[in-house]
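Chemist: Just so it is clear, I am handing over upload_15.csv, which has CSV, C-alpha atoms and all ligand atoms.
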```csv
chain,number,residue,atom,x,y,z
A,1,MET,CA,-6.0,19.1,-76.4
A,2,ASN,CA,-8.1,22.1,-75.4
A,3,LYS,CA,-8.6,24.8,-78.0
A,4,VAL,CA,-10.2,28.2,-77.7
A,5,ARG,CA,-11.0,30.7,-80.3
A,6,ALA,CA,-9.3,34.0,-80.3
A,7,SER,CA,-11.1,36.8,-78.4
A,8,ALA,CA,-12.4,39.8,-80.2
A,9,PRO,CA,-9.8,41.4,-82.5
A,10,GLN,CA,-9.9,44.8,-80.8
A,11,LEU,CA,-8.4,43.1,-77.7
A,12,GLN,CA,-5.2,42.3,-79.5
A,13,GLY,CA,-2.4,44.3,-78.0
A,14,LEU,CA,-4.7,45.9,-75.4
A,15,VAL,CA,-3.0,46.0,-72.0
A,16,PRO,CA,-5.3,45.6,-68.9
A,17,TYR,CA,-5.4,48.6,-66.6
A,18,ASP,CA,-2.8,48.1,-63.8
A,19,PRO,CA,-2.7,50.4,-60.9
A,20,LYS,CA,0.7,48.9,-59.9
A,21,TYR,CA,-0.3,48.7,-56.3
A,22,LEU,CA,2.4,47.3,-54.0
A,23,PRO,CA,2.6,47.1,-50.2
A,24,ALA,CA,4.3,50.3,-48.8
A,25,GLU,CA,4.4,52.4,-45.7
A,26,ALA,CA,3.1,55.5,-47.6
A,27,PHE,CA,0.7,54.8,-50.4
A,28,LEU,CA,1.0,57.9,-52.6
A,29,SER,CA,0.3,56.3,-55.9
A,30,ALA,CA,-3.5,56.2,-56.5
A,31,ASN,CA,-4.8,59.7,-55.7
A,32,GLU,CA,-6.8,58.4,-52.8
A,33,ASN,CA,-7.7,60.4,-49.7
A,34,PRO,CA,-5.1,59.6,-47.0
A,35,ARG,CA,-7.7,59.8,-44.3
A,36,ASP,CA,-10.3,57.0,-44.1
A,37,VAL,CA,-13.9,57.9,-43.3
A,38,ASP,CA,-14.3,59.3,-39.8
A,39,PRO,CA,-15.3,56.7,-37.2
A,40,GLU,CA,-18.6,58.4,-36.4
A,41,ILE,CA,-19.7,58.5,-40.0
A,42,ARG,CA,-18.5,54.9,-40.4
A,43,LYS,CA,-20.6,53.8,-37.5
A,44,GLN,CA,-23.7,55.5,-39.1
A,45,ALA,CA,-22.9,53.8,-42.4
A,46,MET,CA,-22.6,50.4,-40.8
A,47,ARG,CA,-26.0,50.9,-39.1
A,48,GLU,CA,-27.5,51.6,-42.6
A,49,VAL,CA,-25.7,48.6,-44.0
A,50,LYS,CA,-27.2,46.4,-41.2
A,51,LYS,CA,-30.7,47.5,-42.2
A,52,ALA,CA,-30.2,46.4,-45.8
A,53,ALA,CA,-31.9,43.3,-47.2
A,54,LEU,CA,-29.1,41.3,-48.7
A,55,ASN,CA,-31.4,38.8,-50.4
A,56,ARG,CA,-33.1,41.5,-52.5
A,57,TYR,CA,-31.7,43.2,-55.5
A,58,PRO,CA,-30.7,46.8,-54.9
A,59,ASP,CA,-32.7,49.7,-56.3
A,60,PRO,CA,-31.3,49.6,-59.9
A,61,LEU,CA,-30.9,53.4,-60.2
A,62,ALA,CA,-30.1,54.1,-56.5
A,63,ASN,CA,-32.9,56.7,-56.5
A,64,GLU,CA,-32.5,57.8,-52.9
A,65,LEU,CA,-28.8,58.6,-53.5
A,66,ARG,CA,-29.7,60.1,-56.9
A,67,ASP,CA,-32.2,62.5,-55.3
A,68,MET,CA,-29.7,63.6,-52.6
A,69,ILE,CA,-27.1,64.3,-55.3
A,70,ALA,CA,-29.7,66.1,-57.5
A,71,GLU,CA,-30.9,68.3,-54.7
A,72,ALA,CA,-27.3,69.3,-53.6
A,73,ASN,CA,-26.6,70.3,-57.2
A,74,GLY,CA,-29.9,72.1,-57.9
A,75,LEU,CA,-30.9,69.5,-60.4
A,76,GLU,CA,-33.7,66.9,-60.9
A,77,ARG,CA,-33.4,63.1,-60.4
A,78,ASP,CA,-33.4,62.6,-64.2
A,79,GLN,CA,-30.3,64.7,-64.5
A,80,VAL,CA,-28.2,62.4,-62.3
A,81,LEU,CA,-27.0,58.8,-62.7
A,82,VAL,CA,-25.0,56.8,-60.2
A,83,GLY,CA,-22.5,54.2,-61.3
A,84,ASN,CA,-20.1,51.6,-59.9
A,85,GLY,CA,-17.3,54.1,-59.6
A,86,GLY,CA,-16.6,56.7,-62.2
A,87,ASP,CA,-15.0,53.9,-64.2
A,88,GLU,CA,-18.3,52.3,-64.9
A,89,LEU,CA,-19.7,55.5,-66.2
A,90,LEU,CA,-16.7,56.0,-68.4
A,91,PHE,CA,-17.3,52.6,-69.9
A,92,ASP,CA,-21.0,53.4,-70.4
A,93,LEU,CA,-20.0,56.6,-72.2
A,94,ALA,CA,-18.0,54.5,-74.7
A,95,LEU,CA,-20.8,52.0,-75.1
A,96,ALA,CA,-23.4,54.7,-75.7
A,97,TRP,CA,-21.5,57.2,-77.8
A,98,GLY,CA,-18.8,55.0,-79.3
A,99,GLY,CA,-18.7,52.0,-81.5
A,100,PRO,CA,-17.7,51.1,-85.1
A,101,GLY,CA,-17.7,54.1,-87.4
A,102,ARG,CA,-17.8,56.5,-84.4
A,103,THR,CA,-15.0,58.9,-83.3
A,104,PHE,CA,-13.6,59.8,-79.9
A,105,LEU,CA,-11.4,62.9,-79.4
A,106,ASN,CA,-8.7,62.3,-76.8
A,107,LEU,CA,-6.3,64.9,-75.3
A,108,PRO,CA,-3.2,62.9,-74.2
A,109,PRO,CA,-1.5,62.6,-71.9
A,110,THR,CA,-4.7,62.0,-69.8
A,111,PHE,CA,-6.4,59.3,-67.9
A,112,SER,CA,-5.6,56.1,-70.0
A,113,VAL,CA,-9.0,54.5,-69.4
A,114,TYR,CA,-10.7,56.9,-71.9
A,115,ALA,CA,-8.8,55.7,-74.9
A,116,ALA,CA,-8.8,52.0,-73.7
A,117,ASN,CA,-12.6,52.1,-73.5
A,118,ALA,CA,-12.8,53.6,-77.0
A,119,ARG,CA,-10.6,50.8,-78.4
A,120,LEU,CA,-12.6,48.1,-76.6
A,121,THR,CA,-15.7,49.4,-78.4
A,122,ASN,CA,-14.0,49.7,-81.8
A,123,THR,CA,-14.3,53.4,-81.7
A,124,THR,CA,-11.8,55.5,-83.7
A,125,VAL,CA,-9.5,57.5,-81.4
A,126,VAL,CA,-8.3,60.9,-82.7
A,127,ASP,CA,-5.5,62.3,-80.5
A,128,ILE,CA,-4.9,66.0,-80.1
A,129,PRO,CA,-1.7,66.0,-77.9
A,130,ARG,CA,-1.3,68.6,-75.2
A,131,ASN,CA,1.3,71.4,-75.4
A,132,PRO,CA,4.7,70.7,-73.8
A,133,ASP,CA,3.5,72.3,-70.6
A,134,TYR,CA,0.5,70.0,-70.7
A,135,SER,CA,-2.0,72.8,-71.3
A,136,ILE,CA,-4.7,71.9,-73.9
A,137,ASP,CA,-3.9,72.8,-77.5
A,138,GLU,CA,-7.2,74.8,-77.5
A,139,GLU,CA,-7.2,76.0,-81.0
A,140,ALA,CA,-6.3,72.6,-82.4
A,141,VAL,CA,-9.1,71.0,-80.4
A,142,LEU,CA,-11.7,73.6,-81.5
A,143,ALA,CA,-10.6,73.2,-85.1
A,144,ARG,CA,-10.9,69.4,-85.0
A,145,ALA,CA,-14.2,69.5,-83.2
A,146,ALA,CA,-15.5,71.9,-85.8
A,147,GLN,CA,-14.9,69.3,-88.6
A,148,GLY,CA,-18.1,67.7,-87.3
A,149,ASP,CA,-17.2,64.0,-87.3
A,150,VAL,CA,-16.3,63.7,-83.6
A,151,ASP,CA,-19.0,61.9,-81.6
A,152,PHE,CA,-17.7,62.3,-78.1
A,153,MET,CA,-14.7,63.5,-76.0
A,154,VAL,CA,-13.6,63.6,-72.4
A,155,VAL,CA,-11.8,66.6,-70.9
A,156,ALA,CA,-10.4,65.8,-67.4
A,157,SER,CA,-10.5,68.9,-65.3
A,158,PRO,CA,-8.2,68.7,-63.3
A,159,ASN,CA,-6.3,66.5,-65.8
A,160,ASN,CA,-4.8,63.3,-64.4
A,161,PRO,CA,-1.9,62.8,-64.3
A,162,THR,CA,-0.6,66.3,-65.2
A,163,GLY,CA,-2.6,68.3,-62.6
A,164,LEU,CA,-4.3,71.5,-64.0
A,165,MET,CA,-7.9,72.3,-64.8
A,166,ALA,CA,-9.1,73.1,-68.3
A,167,SER,CA,-10.0,76.7,-68.8
A,168,PRO,CA,-13.8,77.3,-68.3
A,169,VAL,CA,-13.7,79.8,-71.1
A,170,PHE,CA,-12.2,77.2,-73.5
A,171,LEU,CA,-14.8,74.6,-72.3
A,172,GLU,CA,-17.6,77.0,-73.1
A,173,ARG,CA,-16.3,77.7,-76.5
A,174,LEU,CA,-15.9,73.9,-77.1
A,175,LEU,CA,-19.4,73.1,-76.0
A,176,GLY,CA,-20.7,75.8,-78.4
A,177,ALA,CA,-18.5,74.7,-81.3
A,178,THR,CA,-19.7,71.1,-81.5
A,179,ASP,CA,-22.7,68.8,-81.0
A,180,ALA,CA,-20.4,66.0,-79.8
A,181,LEU,CA,-21.0,64.9,-76.3
A,182,VAL,CA,-18.4,66.5,-74.1
A,183,MET,CA,-17.7,64.8,-70.8
A,184,VAL,CA,-15.9,67.0,-68.3
A,185,ASP,CA,-14.3,64.6,-65.8
A,186,GLU,CA,-14.5,66.4,-62.5
A,187,ALA,CA,-13.3,63.4,-60.4
A,188,TYR,CA,-11.0,65.8,-58.5
A,189,PHE,CA,-13.1,69.0,-58.5
A,190,GLU,CA,-13.3,69.2,-54.7
A,191,PHE,CA,-9.6,70.0,-54.8
A,192,SER,CA,-9.9,72.6,-57.6
A,193,ARG,CA,-13.2,74.1,-56.3
A,194,GLN,CA,-14.3,74.7,-59.9
A,195,THR,CA,-17.2,73.0,-61.7
A,196,MET,CA,-18.9,73.3,-65.1
A,197,ARG,CA,-22.2,72.5,-63.4
A,198,PRO,CA,-23.7,76.0,-64.0
A,199,GLN,CA,-23.2,75.4,-67.7
A,200,LEU,CA,-25.5,72.3,-67.9
A,201,ALA,CA,-28.6,74.4,-68.5
A,202,ALA,CA,-27.1,76.1,-71.5
A,203,HIS,CA,-25.3,73.1,-73.1
A,204,GLU,CA,-27.3,70.0,-73.9
A,205,ASN,CA,-24.0,68.3,-74.9
A,206,LEU,CA,-22.3,68.7,-71.5
A,207,VAL,CA,-22.0,65.8,-69.1
A,208,ILE,CA,-20.0,66.0,-65.8
A,209,LEU,CA,-18.4,63.0,-64.1
A,210,ARG,CA,-17.8,63.0,-60.3
A,211,THR,CA,-16.7,60.3,-57.8
A,212,PHE,CA,-16.9,59.4,-54.1
A,213,SER,CA,-13.4,57.9,-54.4
A,214,LYS,CA,-11.2,60.9,-53.8
A,215,ALA,CA,-12.4,63.8,-51.6
A,216,PHE,CA,-15.0,61.4,-49.9
A,217,SER,CA,-12.5,58.6,-49.0
A,218,LEU,CA,-14.6,55.9,-50.7
A,219,ALA,CA,-12.2,54.4,-53.3
A,220,GLY,CA,-12.9,51.0,-51.8
A,221,VAL,CA,-16.7,51.3,-52.1
A,222,ARG,CA,-17.0,52.2,-55.8
A,223,VAL,CA,-19.5,54.9,-56.3
A,224,GLY,CA,-19.4,57.6,-59.0
A,225,TYR,CA,-22.0,59.7,-60.7
A,226,ILE,CA,-22.7,61.9,-63.7
A,227,LEU,CA,-24.7,65.1,-64.0
A,228,GLY,CA,-26.2,65.8,-67.4
A,229,ASN,CA,-29.3,66.6,-69.3
A,230,PRO,CA,-32.2,64.1,-69.1
A,231,GLY,CA,-31.8,63.0,-72.8
A,232,VAL,CA,-28.1,62.2,-72.2
A,233,ILE,CA,-28.8,60.4,-68.9
A,234,ARG,CA,-31.4,58.3,-70.7
A,235,GLU,CA,-28.9,57.0,-73.1
A,236,PHE,CA,-26.5,56.0,-70.3
A,237,VAL,CA,-29.3,54.2,-68.6
A,238,LYS,CA,-29.8,52.1,-71.8
A,239,VAL,CA,-26.3,50.6,-71.7
A,240,ARG,CA,-25.6,50.3,-68.0
A,241,GLN,CA,-25.6,47.1,-66.0
A,242,PRO,CA,-29.0,47.0,-64.2
A,243,TYR,CA,-27.7,46.4,-60.6
A,244,SER,CA,-24.2,47.8,-60.8
A,245,VAL,CA,-24.4,49.8,-57.6
A,246,ASP,CA,-25.0,47.2,-54.8
A,247,VAL,CA,-27.1,47.8,-51.7
A,248,VAL,CA,-24.0,48.1,-49.4
A,249,SER,CA,-22.4,50.8,-51.6
A,250,GLN,CA,-25.7,52.7,-51.9
A,251,ALA,CA,-26.1,52.7,-48.1
A,252,ILE,CA,-22.5,53.8,-47.4
A,253,ALA,CA,-22.6,56.5,-50.1
A,254,ARG,CA,-25.9,58.0,-48.8
A,255,VAL,CA,-24.5,58.4,-45.3
A,256,VAL,CA,-21.2,59.8,-46.6
A,257,PHE,CA,-23.0,62.3,-48.9
A,258,ALA,CA,-25.3,63.4,-46.1
A,259,ASN,CA,-22.2,64.1,-44.0
A,260,ARG,CA,-20.2,65.6,-46.8
A,261,ALA,CA,-19.6,68.9,-45.0
A,262,LYS,CA,-17.5,67.0,-42.4
A,263,PHE,CA,-15.0,66.1,-45.2
A,264,GLU,CA,-14.2,69.8,-45.7
A,265,PRO,CA,-11.3,70.0,-43.1
A,266,GLY,CA,-9.7,67.0,-44.8
A,267,ILE,CA,-10.0,68.5,-48.2
A,268,GLU,CA,-8.6,71.8,-46.8
A,269,ALA,CA,-5.6,69.9,-45.3
A,270,ILE,CA,-4.8,68.3,-48.7
A,271,ILE,CA,-5.0,71.7,-50.4
A,272,SER,CA,-2.6,73.3,-47.9
A,273,GLU,CA,-0.3,70.3,-48.0
A,274,ARG,CA,-0.3,70.6,-51.8
A,275,ALA,CA,1.1,74.1,-51.5
A,276,ARG,CA,3.7,73.0,-49.0
A,277,MET,CA,4.8,70.1,-51.2
A,278,MET,CA,4.9,72.3,-54.3
A,279,GLU,CA,7.2,74.7,-52.6
A,280,ALA,CA,9.4,71.9,-51.2
A,281,LEU,CA,9.6,70.2,-54.6
A,282,HIS,CA,10.8,73.4,-56.3
A,283,LYS,CA,13.8,73.4,-53.9
A,284,VAL,CA,14.9,69.8,-54.7
A,285,PRO,CA,17.8,70.0,-57.2
A,286,GLY,CA,16.9,68.5,-60.6
A,287,VAL,CA,13.2,68.2,-59.9
A,288,THR,CA,10.5,70.1,-62.0
A,289,PRO,CA,7.1,70.0,-60.4
A,290,TYR,CA,4.0,70.9,-62.5
A,291,PRO,CA,1.4,73.1,-61.0
A,292,SER,CA,-1.6,71.3,-59.6
A,293,ASP,CA,-5.3,72.0,-58.9
A,294,SER,CA,-5.7,68.5,-57.6
A,295,ASN,CA,-4.6,66.1,-54.8
A,296,TRP,CA,-1.3,65.1,-56.4
A,297,ILE,CA,1.7,66.7,-58.0
A,298,PHE,CA,3.3,65.5,-61.3
A,299,PHE,CA,7.0,66.1,-61.5
A,300,LYS,CA,10.0,65.3,-63.7
A,301,ILE,CA,13.3,64.1,-62.5
A,302,ALA,CA,16.3,62.7,-64.4
A,303,ASP,CA,16.5,58.9,-63.8
A,304,ALA,CA,12.9,58.8,-62.8
A,305,ALA,CA,12.6,55.0,-62.9
A,306,GLU,CA,15.6,54.9,-60.5
A,307,ALA,CA,14.0,57.5,-58.3
A,308,TRP,CA,10.8,55.4,-58.2
A,309,GLU,CA,12.9,52.4,-57.0
A,310,TYR,CA,14.7,54.5,-54.4
A,311,LEU,CA,11.5,55.9,-53.0
A,312,TYR,CA,9.9,52.4,-53.0
A,313,ALA,CA,12.9,50.9,-51.2
A,314,HIS,CA,12.3,53.6,-48.5
A,315,GLY,CA,8.6,52.9,-48.0
A,316,VAL,CA,7.1,55.4,-50.4
A,317,LEU,CA,4.9,54.2,-53.3
A,318,VAL,CA,4.4,56.9,-56.0
A,319,ARG,CA,3.2,56.4,-59.6
A,320,ASP,CA,5.8,55.9,-62.3
A,321,PHE,CA,4.9,57.5,-65.7
A,322,SER,CA,8.4,57.6,-66.9
A,323,SER,CA,7.8,55.2,-69.8
A,324,ALA,CA,4.3,56.4,-70.7
A,325,PRO,CA,3.9,58.4,-73.9
A,326,TYR,CA,4.3,62.2,-73.4
A,327,LEU,CA,5.3,61.8,-69.8
A,328,GLU,CA,9.0,60.9,-70.0
A,329,ASN,CA,10.9,61.2,-66.7
A,330,GLY,CA,7.5,61.8,-64.9
A,331,LEU,CA,6.4,60.6,-61.5
A,332,ARG,CA,3.2,61.5,-59.7
A,333,VAL,CA,2.9,61.8,-56.0
A,334,THR,CA,-0.5,61.9,-54.3
A,335,ILE,CA,-0.8,64.4,-51.4
A,336,GLY,CA,-0.8,62.3,-48.3
A,337,THR,CA,-0.7,63.1,-44.6
A,338,PRO,CA,2.0,65.6,-43.5
A,339,GLU,CA,4.0,62.6,-42.1
A,340,GLN,CA,3.8,60.7,-45.4
A,341,ASN,CA,4.6,63.8,-47.4
A,342,ASP,CA,7.7,64.4,-45.2
A,343,LEU,CA,8.8,60.8,-45.7
A,344,PHE,CA,8.5,61.3,-49.5
A,345,LEU,CA,10.3,64.7,-49.5
A,346,ARG,CA,13.1,63.4,-47.3
A,347,ASN,CA,13.8,60.5,-49.5
A,348,LEU,CA,13.4,62.4,-52.8
A,349,ARG,CA,16.0,64.9,-51.5
A,350,ASP,CA,18.3,62.0,-50.5
A,351,PHE,CA,18.0,60.6,-54.0
A,352,ALA,CA,18.6,63.9,-55.7
A,353,LEU,CA,21.6,64.6,-53.6
A,354,ARG,CA,23.1,61.1,-53.8
A,355,PRO,CA,26.8,61.1,-54.6
B,401,LIG,N1,-11.4,60.0,-63.7
B,401,LIG,C1,-10.2,60.2,-63.4
B,401,LIG,C2,-9.5,61.4,-64.0
B,401,LIG,C3,-9.5,59.4,-62.4
B,401,LIG,O1,-8.3,59.6,-62.1
B,401,LIG,C4,-10.3,58.3,-61.9
B,401,LIG,C5,-9.6,57.4,-60.8
B,401,LIG,N2,-8.4,56.9,-61.1
B,401,LIG,C6,-11.6,58.1,-62.3
B,401,LIG,C7,-12.1,59.0,-63.2
B,401,LIG,C8,-12.4,57.0,-61.8
B,401,LIG,O2,-12.5,56.9,-60.4
B,401,LIG,P1,-13.5,55.9,-59.7
B,401,LIG,O3,-13.8,54.8,-60.7
B,401,LIG,O4,-12.7,55.4,-58.5
B,401,LIG,O5,-14.7,56.7,-59.4
```
Could the structure of this file be written out as structure tokens, please?
Ligand code: PMP
Modeler:
Amino acid sequence: MNKVRASAPQLQGLVPYDPKYLPAEAFLSANENPRDVDPEIRKQAMREVKKAALNRYPDPLANELRDMIAEANGLERDQVLVGNGGDELLFDLALAWGGPGRTFLNLPPTFSVYAANARLTNTTVVDIPRNPDYSIDEEAVLARAAQGDVDFMVVASPNNPTGLMASPVFLERLLGATDALVMVDEAYFEFSRQTMRPQLAAHENLVILRTFSKAFSLAGVRVGYILGNPGVIREFVKVRQPYSVDVVSQAIARVVFANRAKFEPGIEAIISERARMMEALHKVPGVTPYPSDSNWIFFKIADAAEAWEYLYAHGVLVRDFSSAPYLENGLRVTIGTPEQNDLFLRNLRDFALRP
């Protein structure tokens, strides 16, 4: 009989991240860009991929891409680090700043990966829940941070899945009130048009997370990056997997980044569809949409799990948060193409008006 020892105790009860991806006509569940990379840019990317030596390890730190990102942000190479998606850098954060005897301050409801990484690394998680409208309980966070035992925190801005940015005034106060490392997760900043980057020079404890997965249509390629002060970046480099960003991803990301201006019309289209969707959602009886600075809208509806089923049966996949803590009756719809959004709205109305 085969026997195997139990895995590490902190894995007990830990549920693996599940994006709940299912085949559908309209994928509006993962906050992806509904438009794939433009064929011209794709062709250029493929030309770069063809040039790559596949038998050689990639440049471990993706320095060419790092330099491009640094230059675009008015920073130096040692203030940037590229990772295998933002997800890898979030994991590195927990490895470098967490661990037994260390404390992570979490602001639920927020991206579930933050707390999961903290638990995996045996880090103590302290929750300061958001207000009922999902704004941050700013005074409670400042007071808790001032106690001095918090080692790191993540503030998603805009916050996934609820939608709004954190106030820059609050973030400045927080950065000044603590020496904990504060990651501002700007995975969706291209849709909010706001960044904390100008504050990097004044705050050694600020690190900013970005990704190619959303505005730049590269969720399938897995490239993200952080901007931070050289001392902070150095600690991330110590814990990262040496070759986490492969040669193919580096080549594609370089071409996409060089062409980033061409993604602007697509971003504009998402922002204007967001306004149209918000207005339409307000008119659906029994639906409460929450304001959004991002490429999705979180909304509440009675019988949300049933609404999810109805939408799915009609070809629309949205994300069901109805049984997640703090998000009762909540669904999240990613802004898609106008056609996908119409299909969603039509079916949500039909569900809301069902006899
Ligand atoms: N931060 C937030 C808030 C996210 O929603 C996501 C994607 N779900 C990420 C980070 C990580 O994205 P990626 O690994 O695709 O870069």
Chemist: Find the residue from A:Leu81, A:Ala45, A:Ala187, A:Ala269 that sits nearest to ligand LIG 401 (chain B); use only C-alpha atoms and all ligand atoms when measuring.
Modeler: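 Counting only C-alpha atoms and all ligand atoms, the residue closest to ligand LIG 401 (chain B) is A:Ala187.
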Chemist: Show me which residues line ligand LIG 401 (chain B), defined as having an atom within 7 Å of a ligand atom where all atoms listed in the file count, and present them as a PyMOL selection string.
Modeler: chain A and resi 30+85-88+111+156+159-160+185+187+211-213+219+222-224
Chemist: Mind writing the picked residues with C-alpha atoms as a CSV table (one decimal), in the coordinates of the input?
Modeler:
```csv
chain,number,residue,atom,x,y,z
A,30,ALA,CA,-3.5,56.2,-56.5
A,85,GLY,CA,-17.3,54.1,-59.6
A,86,GLY,CA,-16.6,56.7,-62.2
A,87,ASP,CA,-15.0,53.9,-64.2
A,88,GLU,CA,-18.3,52.3,-64.9
A,111,PHE,CA,-6.4,59.3,-67.9
A,156,ALA,CA,-10.4,65.8,-67.4
A,159,ASN,CA,-6.3,66.5,-65.8
A,160,ASN,CA,-4.8,63.3,-64.4
A,185,ASP,CA,-14.3,64.6,-65.8
A,187,ALA,CA,-13.3,63.4,-60.4
A,211,THR,CA,-16.7,60.3,-57.8
A,212,PHE,CA,-16.9,59.4,-54.1
A,213,SER,CA,-13.4,57.9,-54.4
A,219,ALA,CA,-12.2,54.4,-53.3
A,222,ARG,CA,-17.0,52.2,-55.8
A,223,VAL,CA,-19.5,54.9,-56.3
A,224,GLY,CA,-19.4,57.6,-59.0
```
Chemist: From the set A:Glu204, A:Asp67, A:Asp151, A:Asp303, which residue has the shortest atom-to-atom contact distance to Ala258 (chain A), counting all atoms listed in the file?
Modeler: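 Answer, going by the shortest atom-to-atom distance: A:Asp67.
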Chemist: Using only C-alpha atoms, which protein or nucleic acid residues come within 6 Å of Met183 (chain A)? Drop anything in the same chain fewer than 6 positions from it, and give the result as a VMD selection string.
Modeler: chain A and resid 154 207 to 208
Chemist: Rank nothing, just name the residue among A:Ala6, A:Thr103, A:Pro16, A:Glu25 nearest to Leu343 (chain A), using only C-alpha atoms.
Modeler: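 Selected residue with least distance to Leu343 (chain A): A:Glu25.
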Chemist: Which of these residues is nearest to Thr123 (chain A), using all atoms listed in the file: A:Gln10, A:Ser157, A:Ser135, A:Thr195?
Modeler: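 Selected residue with least distance to Thr123 (chain A): A:Gln10.
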Chemist: Where does region 7-38 of chain A meet region 313-325 of chain A within 8 Å, residue by residue, with the nearest atom pair and distance in Å to one decimal for each, counting all atoms listed in the file, listed by chain and rising number, as CSV?
Modeler:
```
residue,atom,partner,partner_atom,distance
A:Lys20,CA,A:Arg319,CA,7.9
A:Leu22,CA,A:Leu317,CA,7.4
A:Ala24,CA,A:Gly315,CA,5.1
A:Glu25,CA,A:Gly315,CA,4.8
A:Ala26,CA,A:Val316,CA,4.9
A:Phe27,CA,A:Leu317,CA,5.1
A:Leu28,CA,A:Val318,CA,4.9
A:Ser29,CA,A:Val318,CA,4.1
A:Ala30,CA,A:Arg319,CA,7.4
```
Chemist: Take the residues from that selection and put them in a file with C-alpha atoms, as an mmCIF file, in the frame of the given file.
Modeler:
```
data_model
loop_
_atom_site.group_PDB
_atom_site.id
_atom_site.type_symbol
_atom_site.label_atom_id
_atom_site.label_comp_id
_atom_site.auth_asym_id
_atom_site.auth_seq_id
_atom_site.Cartn_x
_atom_site.Cartn_y
_atom_site.Cartn_z
ATOM 1 C CA LYS A 20 0.700 48.900 -59.900
ATOM 2 C CA LEU A 22 2.400 47.300 -54.000
ATOM 3 C CA ALA A 24 4.300 50.300 -48.800
ATOM 4 C CA GLU A 25 4.400 52.400 -45.700
ATOM 5 C CA ALA A 26 3.100 55.500 -47.600
ATOM 6 C CA PHE A 27 0.700 54.800 -50.400
ATOM 7 C CA LEU A 28 1.000 57.900 -52.600
ATOM 8 C CA SER A 29 0.300 56.300 -55.900
ATOM 9 C CA ALA A 30 -3.500 56.200 -56.500
#
```
Chemist: Taking all atoms listed in the file into account, name the residue in A:Asn229, A:Asn33, A:Ser7, A:Asn63 that is nearest to Val247 (chain A).
Modeler: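 Going through A:Asn229, A:Asn33, A:Ser7, A:Asn63 one by one, the smallest distance to Val247 (chain A) is for A:Asn63.
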Chemist: Which residues are close to Pro291 (chain A), i.e. within 8 Å by only C-alpha atoms, leaving aside same-chain residues fewer than 5 positions away? Reply as a list in words.
Modeler: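 In the requested format, the answer is Gly163, Leu164, Met278, Ile297 and Phe298 of chain A.
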Chemist: Those same residues - C-alpha atoms - I'd like them written as a short mmCIF file (atom, residue, chain, number, x, y, z; two decimals), keeping the file's coordinate frame.
Modeler:
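So the final result, stored in result.cif, reads:
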```
data_model
loop_
_atom_site.label_atom_id
_atom_site.label_comp_id
_atom_site.auth_asym_id
_atom_site.auth_seq_id
_atom_site.Cartn_x
_atom_site.Cartn_y
_atom_site.Cartn_z
CA GLY A 163 -2.60 68.30 -62.60
CA LEU A 164 -4.30 71.50 -64.00
CA MET A 278 4.90 72.30 -54.30
CA ILE A 297 1.70 66.70 -58.00
CA PHE A 298 3.30 65.50 -61.30
#
```
Chemist: Restricting the calculation to all atoms listed in the file: of A:Leu93, A:Ala145, A:Met46, A:Val150, which residue gets closest to Gly176 (chain A)?
Modeler: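 Using all atoms listed in the file, the shortest distance to Gly176 (chain A) belongs to A:Ala145.
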Chemist: Separation of CA of Arg102 (chain A) and CA of Pro129 (chain A), in Å?
Modeler: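 Taking CA of Arg102 (chain A) as the start and CA of Pro129 (chain A) as the end point, the length is 19.8 Å.
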Chemist: Around (-13.3, 70.5, -54.7), as given in the file, which residues come within 10 Å? Count all atoms listed in the file and list them as number ranges by chain.
Modeler: A: 186-195, 214-215, 264, 267-268, 271, 293-295
Chemist: With region 248-254 of chain A as the partner and 12 Å as the cut-off, tabulate the residues of region 22-53 of chain A that qualify, each row holding the nearest pair of atoms and their distance in Å to one decimal, using only C-alpha atoms, sorted by chain and rising number, as a Markdown table.
Modeler:
```
| residue | atom | partner | partner_atom | distance |
| --- | --- | --- | --- | --- |
| A:Val37 | CA | A:Ile252 | CA | 10.4 |
| A:Ile41 | CA | A:Ile252 | CA | 9.2 |
| A:Arg42 | CA | A:Ile252 | CA | 8.1 |
| A:Lys43 | CA | A:Ile252 | CA | 10.1 |
| A:Gln44 | CA | A:Ile252 | CA | 8.6 |
| A:Ala45 | CA | A:Ile252 | CA | 5.0 |
| A:Met46 | CA | A:Ile252 | CA | 7.4 |
| A:Arg47 | CA | A:Ala251 | CA | 9.2 |
| A:Glu48 | CA | A:Ala251 | CA | 5.8 |
| A:Val49 | CA | A:Val248 | CA | 5.7 |
| A:Lys50 | CA | A:Val248 | CA | 9.0 |
| A:Lys51 | CA | A:Ala251 | CA | 9.1 |
| A:Ala52 | CA | A:Val248 | CA | 7.4 |
| A:Ala53 | CA | A:Val248 | CA | 9.5 |
```
Chemist: Enter the distance from CA of Ala146 (chain A) to CA of Ala202 (chain A), in Å, rounded to one decimal.
Modeler: 18.9 Å
Chemist: If you measure from CA of Ala8 (chain A) to CA of Phe104 (chain A), what distance in Å do you get, rounded to one decimal?
Modeler: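 One can read the CA of Ala8 (chain A) to CA of Phe104 (chain A) distance as 20.0 Å.
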Chemist: So that I can check the surroundings of Leu142 (chain A), please list as a PyMOL selection string every protein, DNA and RNA residue that reaches within 9 Å of it, counting all atoms listed in the file and ignoring chain neighbours fewer than 4 positions away.
Modeler: chain A and resi 137-138+146-147+170+173-174+177-178
Chemist: So that I can see what lies close to Asp246 (chain A), please list as a count of residues only the residues with an atom at most 9 Å from it, counting all atoms listed in the file and leaving out residues fewer than 5 positions away in the same chain.
Modeler: 7
